[in-house]
Every structure is written in C-alpha cells, then in structure tokens.
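Visitor: Have a look at this one.
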Amino acid sequence: MARTDRVVLMVGTRKGGYLLRSDTSRRHWKVGPCIADGSDVYHVTADPRHPGEFYALANNDFWGPMVLRSTDGGDRWREAPTPRLPRRSQRTPGMAEGGESSPARSVRNLWHLTPGPADRPGTLFLGADPHLLFRSDDHGRSWAEVPGLTEHPTRDRWNPGAGGPCVHTILLDPAHPGRLYVGISAAGTFRSDDLGESFRPVNRGVRADFQPDRYPEVGQCVHKIALDPRDPQTIYRQDHCGMYVSRDGMDDGWTDIGRGLPSRFGFGVATAPALPGRAFFLPLDPQSRTTLGDGLQIYQYTDRDHRWRPLIRGNPFPGRHAIHREGLAADRLDPAGIYLGTTTGRIVWSADGGRDWTMLPLQFPAIHSVEAFVEGPNR
C-alpha cells in the first residue's frame, strides 16, 4: 500500500510534549507518548531536512534545561548536550596575564529551536534565556554562543519581558540565503544577513508605550513574528503595543495595522502557505491577558485591502481563554489547517482556512506551543 502524507501537530505543555498525527483529512488524531513527562516543554519542532527527526526543548526545576532529539519519528528520545556559556576572563589588579576565569554563566530556559538552511544539513539555531542565541553545526552534539547577538552594542538597553529575557523567535528567509531574523523579549526584532555573524535592530515604527521614548531603536517587547510563506519580504508582528506589518524585510520599518480591533495586545501570529497575504491574530485583554468578551475570536488580516475579519461565528467556545506566544500555528496544506493551543490545555482548530472551527476532544496540561508539520513521501 502506498504511503500517504500525514499531518503532525507538535505540542509543548506545562507537563511534557506530544506529537499528534492524522491523515490529511485531519478528522481523527492519534496522540503519541509524552515527551519529557513532568517538565515544561516550551517548543517541539521537526527538522524537514531529515525525515523522522524532531527536537523538543524541556525545562525542569530540578534537572535544568534539556535538548531532546528523536531520529525515529518521535518513538524514542535522547538527551543532546545542553548549550553552555563559555567562561569569561576575570582579571584583578596584579593578576598575571591569562589568570583565573569566572564560572560559566547560567542558561536558564530554552525557548525556541529552528533548523538551519537546506545546504547546511547539520545546522540548528537555539534561542534561550537570558537573551542568548546558540548555533550547532552537528545536529546539536555541540553548541556555540552566537557573539553577534550576545555582544550587540545595544545590549545594555535590553530588558526582560514578563516571561523573562528570552530569544523566542528565530526565522530564516528562504529567499535570501544568510538572512536570519530573531525576536527578543524585551529588546525587539533583529536582522542578520550573514547567518548570525552580525545583527542590526529593525524596530522602526514600533511603539513601546512603557519606554520614555515611545519609538526607541531597541527596547520593544515583541511577542511573535511570522513570515508570509509566499512573500518572505512581508512579515507580520505581534507586539505588546500593537500589530504591525513590514513589506520590505524590515528595511524601512513597520506599519501599524491594529486599528479597528477590540485590542491591539496579543501573543501569537501565524501565516499559511495556502493563504498568502493573510495573517491570523488573537487579540487579548492587556490586563488579564485573556480573550475579550465571553468567548474565543481569531481575526484574519488581509494585507491587500488592509482589512480585518473575525473568523469564528457565534460563540462555540464560551469562557475566557489565553495563549502563549507559540500557541497559534498553521500547516502547509490547501485548504490550510489553523491551530490554537490554550493555557487551559485545549486545541481549537480549523481544517478549511478558518471557515469552520472545532475543539479537539483531548485534554492536555497548559499549552506553551503548537506547531504543524506535514510528513510523508510527497513532502
């Protein structure tokens, strides 16, 4: 029997990670075993360059941060080396050259992992707390700090967001080899055109109402950014103080698109290859950080006509809901699947690009992240 494509929904939760699989109809889902049971799993992702290869980032109060890797489709997981920071030279007056070093600084939490370009099959990028970016060129067997970010001249103006001082978003531009974007809380977005050797801040036009200067060079609290899959020069951004779009790879700044929404505050943003020129956002109450009103509503932004449209008809999901920054995702199928994981452990999703919505009949611990991947012989 010929193999067919499968959709894999990768879920990170407060008490472990999970892989959910379905055929492309996406009607029925099978849940695999728990990954890092009992640990905070901030991110689970697939490496599309290597079929069957997955990574999970676990953070445990007792064992610390852990990188987990599977090469058999998620059946077995092995711990890879955890990134460490190098020892810094610490000389005191009168100490001879090459004197003692200070202890290694601590990596507190692992936030997000992104596989590198197709022509660098062993390269991975890993974002961490405090304000750290690491690179591996051997599938995670060893890690090196990316000094272009750690030693950035604006670093003394970076601050922790409510979730800590984290590098939480790492995006590769498929149309520009070497171009890399990172989102940092609370510092803003940064762009590299040499695969991380150097970075420049790209935050022009983004408000930071909590700063003395409302439009600083750095210091914005970016929550998530997403590329348009058909036009990666177009990038959507959810910030603490609004929703934005850049249409030129962040070269000339950002355009505020949040007017007309019940709130400009939110955490997630997602795009789908089958729906170019559109992005999905979930506005939240900026005080409670839960949904507005008495139910769940996802909004679609269409860049061609600069219009917003609510997607969920009626109130099928009453109550107050909340998501984390990685809680909104879309798959690569047509029609597109759109998925939202809540902090109450439920997954709300659409299999037809947002026209109809349902809730999976599964209960998870509080969800940190949701990501979708299509695996199979046709991918």
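Residues are named by chain letter and number: chains run A, B, ... in the order of the structure tokens, numbers start at 1 in each chain, and ligands are numbered from 1 in the order shown.
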List as JSON lines every residue of range 88-203 of chain A that is in contact with range 359-375 of chain A, defined as an atom at most 12 Å from one of its atoms (using only C-alpha atoms), together with the nearest atom pair and the distance in Å rounded to one decimal, sorted by chain and then rising number.
Guide:
{"residue": "A:Trp111", "atom": "CA", "partner": "A:Ser369", "partner_atom": "CA", "distance": 10.0}
{"residue": "A:His112", "atom": "CA", "partner": "A:Ser369", "partner_atom": "CA", "distance": 9.8}
{"residue": "A:Leu113", "atom": "CA", "partner": "A:Glu371", "partner_atom": "CA", "distance": 11.7}
{"residue": "A:Thr114", "atom": "CA", "partner": "A:Glu371", "partner_atom": "CA", "distance": 11.8}
{"residue": "A:Gly163", "atom": "CA", "partner": "A:His368", "partner_atom": "CA", "distance": 11.7}
{"residue": "A:His168", "atom": "CA", "partner": "A:Ser369", "partner_atom": "CA", "distance": 11.2}
{"residue": "A:Thr169", "atom": "CA", "partner": "A:Ser369", "partner_atom": "CA", "distance": 12.0}
Visitor: Write a file of the just-selected residues containing C-alpha atoms, as a compact mmCIF listing (two decimals), in the first residue's frame.
Guide:
# COMPACT_ATOMS: atom_id res chain seq x y z
CA TRP A 111 12.78 28.71 24.25
CA HIS A 112 12.87 28.01 20.54
CA LEU A 113 14.77 25.85 18.01
CA THR A 114 14.94 26.45 14.26
CA GLY A 163 8.32 35.77 30.50
CA HIS A 168 11.85 33.32 21.46
CA THR A 169 11.58 33.57 17.65
Visitor: Would you return as an MDAnalysis selection string the members of range 58-301 of chain A that DSSP assigns to strand (DSSP E or B) on this structure's backbone?
Guide: chainID A and resid 58:60 64:70 78:80 89 101 109:115 124:129 132:136 144:145 161 164 166:172 180:185 188:192 200:201 222:227 235:239 242:246 255:256 266:270 278:284 291 295 299:301
Visitor: Taking 3 positions as the minimum chain separation for residues in the same chain, which residues sit within 6 Å of range 237-251 of chain A when counting only C-alpha atoms? Answer as a VMD selection string.
Guide: chain A and resid 202 221 to 225 233 to 234 254 to 258 264 to 265
Visitor: When you look at range 129-143 of chain A with a cut-off of 6 Å (counting only C-alpha atoms), what residues show up, excluding the ones that are within fewer than 2 positions of it in the same chain? I need them as an NGL selection string.
Guide: :A and (81 or 83 or 108-109 or 122-127 or 145-146 or 165-167)
Visitor: Do you know which residues are at most 10 Å from range 334-348 of chain A counting only C-alpha atoms, after dropping those on the same chain fewer than 5 positions away, and could you put them as a ChimeraX atom specification?
Guide: /A:7,9,11-14,24-26,268,270-275,280,282,290,296,298,317,320-324,326-329,353-354,357-372
Visitor: Could you jot down the CA of Pro201 in chain A to CA of Gly148 in chain A separation for me, Å, one decimal place?
Guide: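 Those two atoms sit 11.8 Å apart.
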Visitor: Between CA of Val44 in chain A and CA of His28 in chain A, what distance in Å does the model show, to one decimal?
Guide: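 About the pair CA of Val44 in chain A and CA of His28 in chain A: they are 20.7 Å apart.
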